[in-house]
$ cat work21.cif   # mmCIF, C-alpha atoms and all ligand atoms; chains and numbers go by the auth columns
data_structure
loop_
_atom_site.group_PDB
_atom_site.id
_atom_site.type_symbol
_atom_site.label_atom_id
_atom_site.label_comp_id
_atom_site.label_asym_id
_atom_site.label_seq_id
_atom_site.Cartn_x
_atom_site.Cartn_y
_atom_site.Cartn_z
_atom_site.B_iso_or_equiv
_atom_site.auth_seq_id
_atom_site.auth_asym_id
ATOM 1 C CA MET A 1 -17.327 -0.981 -14.543 0.00 95 S
ATOM 2 C CA PRO A 2 -13.976 0.519 -13.544 0.00 96 S
ATOM 3 C CA THR A 3 -11.141 -1.940 -13.222 0.00 97 S
ATOM 4 C CA SER A 4 -8.890 -2.123 -10.196 0.00 98 S
ATOM 5 C CA GLY A 5 -5.164 -1.412 -10.384 0.00 99 S
ATOM 6 C CA SER A 6 -4.428 -5.105 -10.200 0.00 100 S
ATOM 7 C CA ASP A 7 -6.786 -5.827 -13.085 0.00 101 S
ATOM 8 C CA GLU A 8 -4.836 -3.297 -15.144 0.00 102 S
ATOM 9 C CA SER A 9 -1.474 -4.787 -14.218 0.00 103 S
ATOM 10 C CA ILE A 10 -2.759 -8.145 -15.432 0.00 104 S
ATOM 11 C CA ARG A 11 -4.356 -6.753 -18.580 0.00 105 S
ATOM 12 C CA VAL A 12 -1.204 -5.010 -19.844 0.00 106 S
ATOM 13 C CA HIS A 13 0.703 -8.250 -19.477 0.00 107 S
ATOM 14 C CA ASP A 14 -2.005 -10.163 -21.307 0.00 108 S
ATOM 15 C CA LEU A 15 -1.678 -7.725 -24.189 0.00 109 S
ATOM 16 C CA GLY A 16 2.114 -7.794 -24.265 0.00 110 S
ATOM 17 C CA ALA A 17 2.813 -11.433 -23.462 0.00 111 S
ATOM 18 C CA ASP A 18 4.278 -12.407 -26.831 0.00 112 S
ATOM 19 C CA GLU A 19 6.684 -9.445 -26.744 0.00 113 S
ATOM 20 C CA TYR A 20 7.594 -9.685 -23.061 0.00 114 S
ATOM 21 C CA ASP A 21 10.829 -11.668 -23.227 0.00 115 S
ATOM 22 C CA ARG A 22 12.168 -9.550 -26.089 0.00 116 S
ATOM 23 C CA GLN A 23 11.345 -6.370 -24.171 0.00 117 S
ATOM 24 C CA VAL A 24 13.107 -7.548 -21.032 0.00 118 S
ATOM 25 C CA GLU A 25 16.172 -8.263 -23.128 0.00 119 S
ATOM 26 C CA ALA A 26 15.940 -4.900 -24.919 0.00 120 S
ATOM 27 C CA TYR A 27 15.679 -3.062 -21.584 0.00 121 S
ATOM 28 C CA GLU A 28 18.731 -4.970 -20.357 0.00 122 S
ATOM 29 C CA SER A 29 16.761 -5.873 -17.268 0.00 123 S
ATOM 30 C CA HIS A 30 18.671 -8.516 -15.310 0.00 124 S
ATOM 31 C CA GLY A 31 16.609 -8.745 -12.110 0.00 125 S
ATOM 32 C CA HIS A 32 15.779 -12.405 -12.745 0.00 126 S
ATOM 33 C CA ASP A 33 19.451 -13.350 -13.230 0.00 127 S
ATOM 34 C CA LEU A 34 20.442 -11.501 -10.066 0.00 128 S
ATOM 35 C CA LEU A 35 17.658 -13.137 -8.098 0.00 129 S
ATOM 36 C CA PHE A 36 18.918 -16.548 -9.160 0.00 130 S
ATOM 37 C CA GLY A 37 22.507 -15.625 -8.357 0.00 131 S
ATOM 38 C CA LEU A 38 21.541 -14.499 -4.859 0.00 132 S
ATOM 39 C CA SER A 39 19.311 -17.458 -4.077 0.00 133 S
ATOM 40 C CA TYR A 40 20.662 -20.599 -5.654 0.00 134 S
ATOM 41 C CA GLU A 41 23.103 -21.312 -2.841 0.00 135 S
ATOM 42 C CA PHE A 42 20.063 -21.842 -0.569 0.00 136 S
ATOM 43 C CA THR A 43 18.556 -24.454 -2.863 0.00 137 S
ATOM 44 C CA ARG A 44 18.941 -28.172 -3.500 0.00 138 S
ATOM 45 C CA PRO A 45 17.732 -30.275 -6.448 0.00 139 S
ATOM 46 C CA GLY A 46 14.256 -31.681 -5.864 0.00 140 S
ATOM 47 C CA GLN A 47 13.066 -28.783 -3.727 0.00 141 S
ATOM 48 C CA ARG A 48 9.788 -27.099 -4.529 0.00 142 S
ATOM 49 C CA LEU A 49 9.817 -23.489 -5.683 0.00 143 S
ATOM 50 C CA VAL A 50 6.813 -21.237 -6.162 0.00 144 S
ATOM 51 C CA ASP A 51 7.245 -18.297 -8.524 0.00 145 S
ATOM 52 C CA VAL A 52 4.765 -15.608 -7.463 0.00 146 S
ATOM 53 C CA GLY A 53 3.813 -13.709 -10.619 0.00 147 S
ATOM 54 C CA ILE A 54 5.738 -16.136 -12.783 0.00 148 S
ATOM 55 C CA GLY A 55 4.863 -14.400 -16.051 0.00 149 S
ATOM 56 C CA THR A 56 6.707 -16.091 -18.896 0.00 150 S
ATOM 57 C CA GLY A 57 8.983 -17.868 -16.432 0.00 151 S
ATOM 58 C CA LEU A 58 12.133 -15.792 -16.818 0.00 152 S
ATOM 59 C CA ALA A 59 12.915 -15.852 -13.093 0.00 153 S
ATOM 60 C CA SER A 60 12.316 -19.545 -12.403 0.00 154 S
ATOM 61 C CA LEU A 61 13.736 -21.172 -15.531 0.00 155 S
ATOM 62 C CA ALA A 62 17.275 -21.209 -14.127 0.00 156 S
ATOM 63 C CA PHE A 63 16.047 -22.862 -10.916 0.00 157 S
ATOM 64 C CA ALA A 64 14.297 -25.549 -12.962 0.00 158 S
ATOM 65 C CA ARG A 65 17.551 -26.195 -14.819 0.00 159 S
ATOM 66 C CA THR A 66 19.278 -26.841 -11.480 0.00 160 S
ATOM 67 C CA GLY A 67 16.672 -29.460 -10.574 0.00 161 S
ATOM 68 C CA LEU A 68 14.001 -27.625 -8.603 0.00 162 S
ATOM 69 C CA GLU A 69 10.307 -28.317 -9.172 0.00 163 S
ATOM 70 C CA VAL A 70 8.710 -25.070 -10.297 0.00 164 S
ATOM 71 C CA PHE A 71 5.134 -24.065 -9.502 0.00 165 S
ATOM 72 C CA GLY A 72 3.851 -20.755 -10.795 0.00 166 S
ATOM 73 C CA LEU A 73 1.044 -18.314 -10.056 0.00 167 S
ATOM 74 C CA ASP A 74 0.047 -15.459 -12.324 0.00 168 S
ATOM 75 C CA GLY A 75 -3.116 -13.559 -13.164 0.00 169 S
ATOM 76 C CA SER A 76 -2.419 -13.343 -16.893 0.00 170 S
ATOM 77 C CA PRO A 77 -3.528 -16.313 -18.995 0.00 171 S
ATOM 78 C CA GLU A 78 -1.407 -15.040 -21.883 0.00 172 S
ATOM 79 C CA MET A 79 1.802 -14.799 -19.860 0.00 173 S
ATOM 80 C CA LEU A 80 1.063 -18.301 -18.564 0.00 174 S
ATOM 81 C CA ARG A 81 0.551 -19.550 -22.125 0.00 175 S
ATOM 82 C CA VAL A 82 4.022 -18.318 -23.108 0.00 176 S
ATOM 83 C CA CYS A 83 5.489 -19.835 -19.945 0.00 177 S
ATOM 84 C CA ARG A 84 3.748 -23.172 -20.480 0.00 178 S
ATOM 85 C CA ALA A 85 5.208 -23.423 -23.977 0.00 179 S
ATOM 86 C CA LYS A 86 8.704 -23.399 -22.461 0.00 180 S
ATOM 87 C CA GLY A 87 7.849 -26.698 -20.797 0.00 181 S
ATOM 88 C CA PHE A 88 9.838 -26.422 -17.564 0.00 182 S
ATOM 89 C CA ALA A 89 7.128 -25.717 -14.971 0.00 183 S
ATOM 90 C CA ARG A 90 5.530 -28.594 -13.130 0.00 184 S
ATOM 91 C CA GLU A 91 2.304 -26.641 -12.541 0.00 185 S
ATOM 92 C CA LEU A 92 0.980 -23.216 -13.515 0.00 186 S
ATOM 93 C CA ARG A 93 -2.137 -21.646 -12.050 0.00 187 S
ATOM 94 C CA CYS A 94 -4.035 -18.555 -13.075 0.00 188 S
ATOM 95 C CA GLN A 95 -4.570 -16.558 -9.909 0.00 189 S
ATOM 96 C CA ASN A 96 -5.038 -12.906 -9.044 0.00 190 S
ATOM 97 C CA LEU A 97 -2.442 -12.478 -6.317 0.00 191 S
ATOM 98 C CA GLN A 98 -4.737 -10.107 -4.445 0.00 192 S
ATOM 99 C CA ALA A 99 -7.304 -12.858 -4.024 0.00 193 S
ATOM 100 C CA THR A 100 -6.360 -14.904 -0.997 0.00 194 S
ATOM 101 C CA PRO A 101 -5.891 -17.618 0.075 0.00 195 S
ATOM 102 C CA TRP A 102 -3.757 -18.887 -2.780 0.00 196 S
ATOM 103 C CA PRO A 103 -4.493 -22.451 -3.888 0.00 197 S
ATOM 104 C CA TYR A 104 -1.693 -24.170 -1.955 0.00 198 S
ATOM 105 C CA PRO A 105 -1.596 -25.827 1.460 0.00 199 S
ATOM 106 C CA ASP A 106 0.515 -24.486 4.333 0.00 200 S
ATOM 107 C CA CYS A 107 4.280 -25.137 4.251 0.00 201 S
ATOM 108 C CA ALA A 108 4.151 -26.422 0.665 0.00 202 S
ATOM 109 C CA PHE A 109 7.382 -24.867 -0.658 0.00 203 S
ATOM 110 C CA ASN A 110 11.069 -24.547 0.148 0.00 204 S
ATOM 111 C CA LEU A 111 11.625 -21.421 -1.903 0.00 205 S
ATOM 112 C CA ALA A 112 9.396 -18.573 -3.045 0.00 206 S
ATOM 113 C CA ILE A 113 10.531 -16.014 -5.581 0.00 207 S
ATOM 114 C CA CYS A 114 8.815 -12.861 -6.765 0.00 208 S
ATOM 115 C CA CYS A 115 10.557 -10.900 -9.483 0.00 209 S
ATOM 116 C CA GLY A 116 9.231 -7.633 -10.866 0.00 210 S
ATOM 117 C CA VAL A 117 5.803 -7.946 -9.266 0.00 211 S
ATOM 118 C CA LEU A 118 5.694 -6.212 -5.857 0.00 212 S
ATOM 119 C CA HIS A 119 5.661 -2.764 -7.423 0.00 213 S
ATOM 120 C CA PHE A 120 2.110 -3.487 -8.612 0.00 214 S
ATOM 121 C CA PHE A 121 0.886 -3.580 -5.002 0.00 215 S
ATOM 122 C CA GLY A 122 0.683 -0.905 -2.324 0.00 216 S
ATOM 123 C CA ASP A 123 0.122 -2.828 0.896 0.00 217 S
ATOM 124 C CA LEU A 124 2.326 -5.900 0.682 0.00 218 S
ATOM 125 C CA ASP A 125 0.956 -7.580 3.784 0.00 219 S
ATOM 126 C CA PRO A 126 -1.697 -9.772 2.090 0.00 220 S
ATOM 127 C CA LEU A 127 0.847 -11.126 -0.388 0.00 221 S
ATOM 128 C CA ALA A 128 3.559 -11.516 2.240 0.00 222 S
ATOM 129 C CA GLY A 129 1.111 -13.279 4.537 0.00 223 S
ATOM 130 C CA GLU A 130 0.431 -15.880 1.874 0.00 224 S
ATOM 131 C CA VAL A 131 4.142 -16.366 1.223 0.00 225 S
ATOM 132 C CA VAL A 132 4.663 -16.919 4.954 0.00 226 S
ATOM 133 C CA ARG A 133 1.838 -19.451 5.027 0.00 227 S
ATOM 134 C CA ILE A 134 2.926 -21.560 2.052 0.00 228 S
ATOM 135 C CA LEU A 135 6.663 -21.598 2.821 0.00 229 S
ATOM 136 C CA ALA A 136 8.154 -24.309 4.998 0.00 230 S
ATOM 137 C CA GLY A 137 9.733 -23.098 8.255 0.00 231 S
ATOM 138 C CA ASP A 138 13.234 -23.057 6.849 0.00 232 S
ATOM 139 C CA GLY A 139 12.132 -21.615 3.528 0.00 233 S
ATOM 140 C CA VAL A 140 13.601 -18.711 1.620 0.00 234 S
ATOM 141 C CA PHE A 141 11.753 -15.831 0.002 0.00 235 S
ATOM 142 C CA ALA A 142 13.703 -13.926 -2.649 0.00 236 S
ATOM 143 C CA PHE A 143 12.118 -10.911 -4.273 0.00 237 S
ATOM 144 C CA THR A 144 12.743 -7.675 -6.061 0.00 238 S
ATOM 145 C CA ALA A 145 11.197 -4.406 -4.931 0.00 239 S
ATOM 146 C CA THR A 146 11.213 -0.846 -6.118 0.00 240 S
ATOM 147 C CA LEU A 147 12.765 1.372 -3.467 0.00 241 S
ATOM 148 C CA PRO A 148 12.968 5.149 -3.631 0.00 242 S
ATOM 149 C CA ASP A 149 15.972 6.910 -5.029 0.00 243 S
ATOM 150 C CA ARG A 150 17.973 8.758 -2.404 0.00 244 S
ATOM 151 C CA GLU A 151 16.616 12.156 -3.317 0.00 245 S
ATOM 152 C CA GLN A 152 13.011 10.927 -3.033 0.00 246 S
ATOM 153 C CA THR A 153 12.952 11.625 0.687 0.00 247 S
ATOM 154 C CA GLY A 154 9.167 11.835 0.857 0.00 248 S
ATOM 155 C CA VAL A 155 8.876 8.158 0.098 0.00 249 S
ATOM 156 C CA ALA A 156 11.231 7.246 2.918 0.00 250 S
ATOM 157 C CA VAL A 157 8.782 8.454 5.551 0.00 251 S
ATOM 158 C CA GLN A 158 5.682 6.967 3.929 0.00 252 S
ATOM 159 C CA PRO A 159 4.831 3.307 3.597 0.00 253 S
ATOM 160 C CA TRP A 160 4.590 3.531 -0.154 0.00 254 S
ATOM 161 C CA VAL A 161 3.925 6.043 -2.901 0.00 255 S
ATOM 162 C CA GLU A 162 1.806 5.439 -5.966 0.00 256 S
ATOM 163 C CA ARG A 163 3.132 6.584 -9.321 0.00 257 S
ATOM 164 C CA ASP A 164 1.469 6.784 -12.712 0.00 258 S
ATOM 165 C CA THR A 165 3.231 5.249 -15.671 0.00 259 S
ATOM 166 C CA PRO A 166 3.003 6.042 -19.399 0.00 260 S
ATOM 167 C CA TRP A 167 1.344 2.679 -20.023 0.00 261 S
ATOM 168 C CA GLY A 168 -1.571 3.475 -17.678 0.00 262 S
ATOM 169 C CA VAL A 169 -0.734 1.137 -14.810 0.00 263 S
ATOM 170 C CA ALA A 170 0.005 2.518 -11.369 0.00 264 S
ATOM 171 C CA ILE A 171 3.186 1.319 -9.714 0.00 265 S
ATOM 172 C CA PHE A 172 4.159 1.566 -6.070 0.00 266 S
ATOM 173 C CA VAL A 173 7.506 2.590 -4.654 0.00 267 S
ATOM 174 C CA HIS A 174 8.039 1.085 -1.189 0.00 268 S
ATOM 175 C CA SER A 175 10.072 2.726 1.506 0.00 269 S
ATOM 176 C CA GLY A 176 11.293 -0.538 3.021 0.00 270 S
ATOM 177 C CA ARG A 177 10.731 0.877 6.518 0.00 271 S
ATOM 178 C CA SER A 178 8.760 -0.831 9.233 0.00 272 S
ATOM 179 C CA GLY A 179 5.046 -0.242 8.918 0.00 273 S
ATOM 180 C CA ALA A 180 5.464 -0.027 5.184 0.00 274 S
ATOM 181 C CA GLY A 181 3.487 -3.139 4.460 0.00 275 S
ATOM 182 C CA TRP A 182 6.456 -5.369 5.284 0.00 276 S
ATOM 183 C CA ARG A 183 4.997 -6.533 8.584 0.00 277 S
ATOM 184 C CA SER A 184 4.512 -10.095 7.392 0.00 278 S
ATOM 185 C CA MET A 185 7.944 -10.062 5.832 0.00 279 S
ATOM 186 C CA ALA A 186 9.381 -9.348 9.276 0.00 280 S
ATOM 187 C CA THR A 187 7.455 -12.343 10.601 0.00 281 S
ATOM 188 C CA LEU A 188 8.883 -14.386 7.785 0.00 282 S
ATOM 189 C CA ALA A 189 12.398 -13.238 8.559 0.00 283 S
ATOM 190 C CA ASP A 190 12.115 -14.797 12.045 0.00 284 S
ATOM 191 C CA GLY A 191 11.856 -18.293 10.635 0.00 285 S
ATOM 192 C CA CYS A 192 13.030 -18.017 7.082 0.00 286 S
ATOM 193 C CA SER A 193 15.700 -16.271 5.151 0.00 287 S
ATOM 194 C CA LEU A 194 14.879 -13.136 3.275 0.00 288 S
ATOM 195 C CA ALA A 195 16.763 -11.927 0.257 0.00 289 S
ATOM 196 C CA ALA A 196 15.621 -8.555 -0.975 0.00 290 S
ATOM 197 C CA LEU A 197 16.927 -7.247 -4.200 0.00 291 S
ATOM 198 C CA ASP A 198 16.501 -3.633 -5.150 0.00 292 S
ATOM 199 C CA THR A 199 17.712 -3.656 -8.674 0.00 293 S
ATOM 200 C CA PHE A 200 14.876 -4.693 -10.901 0.00 294 S
ATOM 201 C CA GLN A 201 13.430 -1.309 -11.480 0.00 295 S
ATOM 202 C CA ARG A 202 14.361 1.916 -9.774 0.00 296 S
ATOM 203 C CA ALA A 203 11.462 4.273 -10.205 0.00 297 S
ATOM 204 C CA SER A 204 12.051 7.213 -12.435 0.00 298 S
ATOM 205 C CA ALA A 205 10.020 10.100 -11.073 0.00 299 S
HETATM 206 C C1 LIG B . 6.867 -7.523 -14.908 0.00 301 R
HETATM 207 S S1 LIG B . 6.087 -9.097 -15.016 0.00 301 R
HETATM 208 C C2 LIG B . 7.269 -10.145 -14.188 0.00 301 R
HETATM 209 C C3 LIG B . 7.158 -11.576 -14.653 0.00 301 R
HETATM 210 C C4 LIG B . 8.260 -12.496 -14.138 0.00 301 R
HETATM 211 N N1 LIG B . 8.209 -12.637 -12.692 0.00 301 R
HETATM 212 C C5 LIG B . 9.635 -12.036 -14.577 0.00 301 R
HETATM 213 O O1 LIG B . 10.527 -11.938 -13.739 0.00 301 R
HETATM 214 O O2 LIG B . 9.813 -11.800 -15.767 0.00 301 R
HETATM 215 C C6 LIG B . 4.785 -8.947 -13.805 0.00 301 R
HETATM 216 C C7 LIG B . 3.876 -10.159 -13.737 0.00 301 R
HETATM 217 O O3 LIG B . 2.973 -9.988 -12.656 0.00 301 R
HETATM 218 C C8 LIG B . 1.682 -10.388 -13.079 0.00 301 R
HETATM 219 N N2 LIG B . 0.703 -9.663 -12.270 0.00 301 R
HETATM 220 C C9 LIG B . 0.576 -8.330 -12.139 0.00 301 R
HETATM 221 N N3 LIG B . -0.428 -8.049 -11.308 0.00 301 R
HETATM 222 C C10 LIG B . -0.950 -9.238 -10.902 0.00 301 R
HETATM 223 C C11 LIG B . -2.014 -9.605 -10.031 0.00 301 R
HETATM 224 N N4 LIG B . -2.762 -8.716 -9.384 0.00 301 R
HETATM 225 N N5 LIG B . -2.254 -10.924 -9.863 0.00 301 R
HETATM 226 C C12 LIG B . -1.525 -11.856 -10.516 0.00 301 R
HETATM 227 N N6 LIG B . -0.514 -11.576 -11.331 0.00 301 R
HETATM 228 C C13 LIG B . -0.230 -10.267 -11.531 0.00 301 R
HETATM 229 C C14 LIG B . 1.612 -10.032 -14.545 0.00 301 R
HETATM 230 O O4 LIG B . 0.634 -10.778 -15.215 0.00 301 R
HETATM 231 C C15 LIG B . 3.035 -10.357 -14.982 0.00 301 R
HETATM 232 O O5 LIG B . 3.159 -11.670 -15.447 0.00 301 R
#
$ encode --input "work21.cif" --output "structure tokens" --more "lines below"
Ligand SMILES: C[S@@+](CC[C@H](N)C(=O)[O-])C[C@H]1O[C@@H](n2cnc3c(N)ncnc32)[C@H](O)[C@@H]1O
Amino acid sequence: MPTSGSDESIRVHDLGADEYDRQVEAYESHGHDLLFGLSYEFTRPGQRLVDVGIGTGLASLAFARTGLEVFGLDGSPEMLRVCRAKGFARELRCQNLQATPWPYPDCAFNLAICCGVLHFFGDLDPLAGEVVRILAGDGVFAFTATLPDREQTGVAVQPWVERDTPWGVAIFVHSGRSGAGWRSMATLADGCSLAALDTFQRASA
């Protein structure tokens, strides 16, 4: 049976979980540090943070060190195993992010972060809708996204563009324009703060 794109994006992380942290360091990828730097001023010790696509925990570890309670969702049992061994997360759940609803009640969190994950999804509305639902009214959602390079004008007029990668997993470059799957994000921005960070991974054509 053919696997869906999201199954593939989980499978590659399962296979590479033990190497993941070393690879992030080797690629000099600092999206998780930047996300923390942008967001921590909105946080207070004791608040509840959900890390959407927590992986090995690179993005939420710093928040845990400043006293937040970290909850994590990810579809890869192997990435979660590596994360669990670090011992900082209060709760980790294995969950395909495309399967909704997520296993949390409404308004459960003060902060949601999502680092290096959105580029695995075309339409972001289902994911954004769940973030809106589980965040408290004054919550903050901080995320990274892959936006088009300036010369990629075609992407700017489309909601998103799918790209193949050498490792066999499709990624999606989002235009960031209205109607681009950010509808729920706009809803979120009415009641919550939104910190978008376009640095994690600029798509190379
Ligand atoms: C590039 S890693 C980022 C991990 C972490 N957020 C970080 O900053 O290092 C992407 C993560 O998204 C997870 N992921 C990808 N597609 C998913 C899906 N459909 N459902 C759940 N998790 C998924 C992978 O398992 C992986 O842990």
$ atom_distance --input "work21.cif" --atom1 "CA of Leu162 in chain S" --atom2 "CA of Val234 in chain S"
13.6 Å
$ residues_near_ligand --input "work21.cif" --ligand "ligand LIG 301 (chain R)" --cutoff "8 Å" --atoms "only C-alpha atoms and all ligand atoms" --output "PyMOL selection string"
chain S and resi 99-108+114-115+118+125-126+145-154+167-171+173-174+188-193+208-211+214-215
$ resolve_selection --input "work21.cif" --expression "the PyMOL selection byres (((chain S and resi 158) around 10) and not hetatm)" --output "NGL selection string"
:S and (139-143 or 151 or 153-157 or 159-165 or 182-184)
$ resolve_selection --input "work21.cif" --expression "the PyMOL selection byres (((chain S and resi 255) around 7) and not hetatm)" --output "compact mmCIF listing (two decimals) with C-alpha atoms, in the coordinates of the input"
# COMPACT_ATOMS: atom_id res chain seq x y z
CA VAL S 249 8.88 8.16 0.10
CA TRP S 254 4.59 3.53 -0.15
CA GLU S 256 1.81 5.44 -5.97
CA ARG S 257 3.13 6.58 -9.32
CA PHE S 266 4.16 1.57 -6.07
CA VAL S 267 7.51 2.59 -4.65
CA HIS S 268 8.04 1.08 -1.19
$ atom_distance --input "work21.cif" --atom1 "CA of Asp200 in chain S" --atom2 "CA of Leu218 in chain S"
19.0 Å
$ atom_distance --input "work21.cif" --atom1 "CA of Leu186 in chain S" --atom2 "CA of Ala111 in chain S"
15.5 Å
$ resolve_selection --input "work21.cif" --expression "the PyMOL selection byres (((chain S and resi 224) around 12) and not hetatm)" --output "PyMOL selection string"
chain S and resi 144+146+191-203+206+218-223+225-230+235+278-279+281-282
$ write_last_selection --input "work21.cif" --atoms "C-alpha atoms" --output "PDB file, in the frame of the given file"
ATOM      1  CA  VAL S 144       6.813 -21.237  -6.162  1.00  0.00           C
ATOM      2  CA  VAL S 146       4.765 -15.608  -7.463  1.00  0.00           C
ATOM      3  CA  LEU S 191      -2.442 -12.478  -6.317  1.00  0.00           C
ATOM      4  CA  GLN S 192      -4.737 -10.107  -4.445  1.00  0.00           C
ATOM      5  CA  ALA S 193      -7.304 -12.858  -4.024  1.00  0.00           C
ATOM      6  CA  THR S 194      -6.360 -14.904  -0.997  1.00  0.00           C
ATOM      7  CA  PRO S 195      -5.891 -17.618   0.075  1.00  0.00           C
ATOM      8  CA  TRP S 196      -3.757 -18.887  -2.780  1.00  0.00           C
ATOM      9  CA  PRO S 197      -4.493 -22.451  -3.888  1.00  0.00           C
ATOM     10  CA  TYR S 198      -1.693 -24.170  -1.955  1.00  0.00           C
ATOM     11  CA  PRO S 199      -1.596 -25.827   1.460  1.00  0.00           C
ATOM     12  CA  ASP S 200       0.515 -24.486   4.333  1.00  0.00           C
ATOM     13  CA  CYS S 201       4.280 -25.137   4.251  1.00  0.00           C
ATOM     14  CA  ALA S 202       4.151 -26.422   0.665  1.00  0.00           C
ATOM     15  CA  PHE S 203       7.382 -24.867  -0.658  1.00  0.00           C
ATOM     16  CA  ALA S 206       9.396 -18.573  -3.045  1.00  0.00           C
ATOM     17  CA  LEU S 218       2.326  -5.900   0.682  1.00  0.00           C
ATOM     18  CA  ASP S 219       0.956  -7.580   3.784  1.00  0.00           C
ATOM     19  CA  PRO S 220      -1.697  -9.772   2.090  1.00  0.00           C
ATOM     20  CA  LEU S 221       0.847 -11.126  -0.388  1.00  0.00           C
ATOM     21  CA  ALA S 222       3.559 -11.516   2.240  1.00  0.00           C
ATOM     22  CA  GLY S 223       1.111 -13.279   4.537  1.00  0.00           C
ATOM     23  CA  VAL S 225       4.142 -16.366   1.223  1.00  0.00           C
ATOM     24  CA  VAL S 226       4.663 -16.919   4.954  1.00  0.00           C
ATOM     25  CA  ARG S 227       1.838 -19.451   5.027  1.00  0.00           C
ATOM     26  CA  ILE S 228       2.926 -21.560   2.052  1.00  0.00           C
ATOM     27  CA  LEU S 229       6.663 -21.598   2.821  1.00  0.00           C
ATOM     28  CA  ALA S 230       8.154 -24.309   4.998  1.00  0.00           C
ATOM     29  CA  PHE S 235      11.753 -15.831   0.002  1.00  0.00           C
ATOM     30  CA  SER S 278       4.512 -10.095   7.392  1.00  0.00           C
ATOM     31  CA  MET S 279       7.944 -10.062   5.832  1.00  0.00           C
ATOM     32  CA  THR S 281       7.455 -12.343  10.601  1.00  0.00           C
ATOM     33  CA  LEU S 282       8.883 -14.386   7.785  1.00  0.00           C
TER      34      LEU S 282
END
$ closest_residue --input "work21.cif" --among "S:Leu205, S:Leu212, S:Ala179, S:Ala236" --to "Leu128 in chain S" --atoms "only C-alpha atoms"
S:Ala236
$ closest_residue --input "work21.cif" --among "S:Gly233, S:Tyr121, S:Gly110, S:Gly166" --to "Phe136 in chain S" --atoms "only C-alpha atoms"
S:Gly233
$ closest_residue --input "work21.cif" --among "S:Ala239, S:Val263, S:Leu109, S:Ile207" --to "Tyr134 in chain S" --atoms "only C-alpha atoms"
S:Ile207
$ axis_aligned_box --input "work21.cif" --around "range 142-157 of chain S" --padding-each-side "6 Å" --output "AutoDock Vina command-line options"
--center_x 10.5 --center_y -20.4 --center_z -11.7 --size_x 25.5 --size_y 25.4 --size_z 26.4
$ build_atoms --input "work21.cif" --residues "range 255-268 of chain S" --atoms "N, CA and C atoms" --output "mmCIF file, keeping the file's coordinate frame"
data_model
loop_
_atom_site.group_PDB
_atom_site.id
_atom_site.type_symbol
_atom_site.label_atom_id
_atom_site.label_comp_id
_atom_site.auth_asym_id
_atom_site.auth_seq_id
_atom_site.Cartn_x
_atom_site.Cartn_y
_atom_site.Cartn_z
ATOM 1 N N VAL S 255 4.435 4.934 -2.096
ATOM 2 C CA VAL S 255 3.925 6.043 -2.901
ATOM 3 C C VAL S 255 3.498 5.491 -4.245
ATOM 4 N N GLU S 256 2.328 5.918 -4.686
ATOM 5 C CA GLU S 256 1.806 5.439 -5.966
ATOM 6 C C GLU S 256 2.261 6.373 -7.083
ATOM 7 N N ARG S 257 2.691 5.780 -8.183
ATOM 8 C CA ARG S 257 3.132 6.584 -9.321
ATOM 9 C C ARG S 257 2.366 6.154 -10.574
ATOM 10 N N ASP S 258 2.038 7.117 -11.409
ATOM 11 C CA ASP S 258 1.469 6.784 -12.712
ATOM 12 C C ASP S 258 2.590 6.374 -13.649
ATOM 13 N N THR S 259 2.252 5.610 -14.647
ATOM 14 C CA THR S 259 3.231 5.249 -15.671
ATOM 15 C C THR S 259 2.656 5.577 -17.043
ATOM 16 N N PRO S 260 3.500 5.704 -18.055
ATOM 17 C CA PRO S 260 3.003 6.042 -19.399
ATOM 18 C C PRO S 260 2.079 4.971 -19.958
ATOM 19 N N TRP S 261 2.191 3.749 -19.479
ATOM 20 C CA TRP S 261 1.344 2.679 -20.023
ATOM 21 C C TRP S 261 0.064 2.471 -19.198
ATOM 22 N N GLY S 262 -0.264 3.453 -18.327
ATOM 23 C CA GLY S 262 -1.571 3.475 -17.678
ATOM 24 C C GLY S 262 -1.731 2.548 -16.489
ATOM 25 N N VAL S 263 -0.656 2.017 -15.973
ATOM 26 C CA VAL S 263 -0.734 1.137 -14.810
ATOM 27 C C VAL S 263 0.006 1.812 -13.659
ATOM 28 N N ALA S 264 -0.658 1.923 -12.530
ATOM 29 C CA ALA S 264 0.005 2.518 -11.369
ATOM 30 C C ALA S 264 1.082 1.578 -10.851
ATOM 31 N N ILE S 265 2.206 2.137 -10.430
ATOM 32 C CA ILE S 265 3.186 1.319 -9.714
ATOM 33 C C ILE S 265 3.433 1.946 -8.343
ATOM 34 N N PHE S 266 3.983 1.148 -7.456
ATOM 35 C CA PHE S 266 4.159 1.566 -6.070
ATOM 36 C C PHE S 266 5.638 1.465 -5.694
ATOM 37 N N VAL S 267 6.141 2.564 -5.156
ATOM 38 C CA VAL S 267 7.506 2.590 -4.654
ATOM 39 C C VAL S 267 7.427 2.397 -3.147
ATOM 40 N N HIS S 268 8.135 1.408 -2.619
ATOM 41 C CA HIS S 268 8.039 1.085 -1.189
ATOM 42 C C HIS S 268 9.243 1.625 -0.427
#
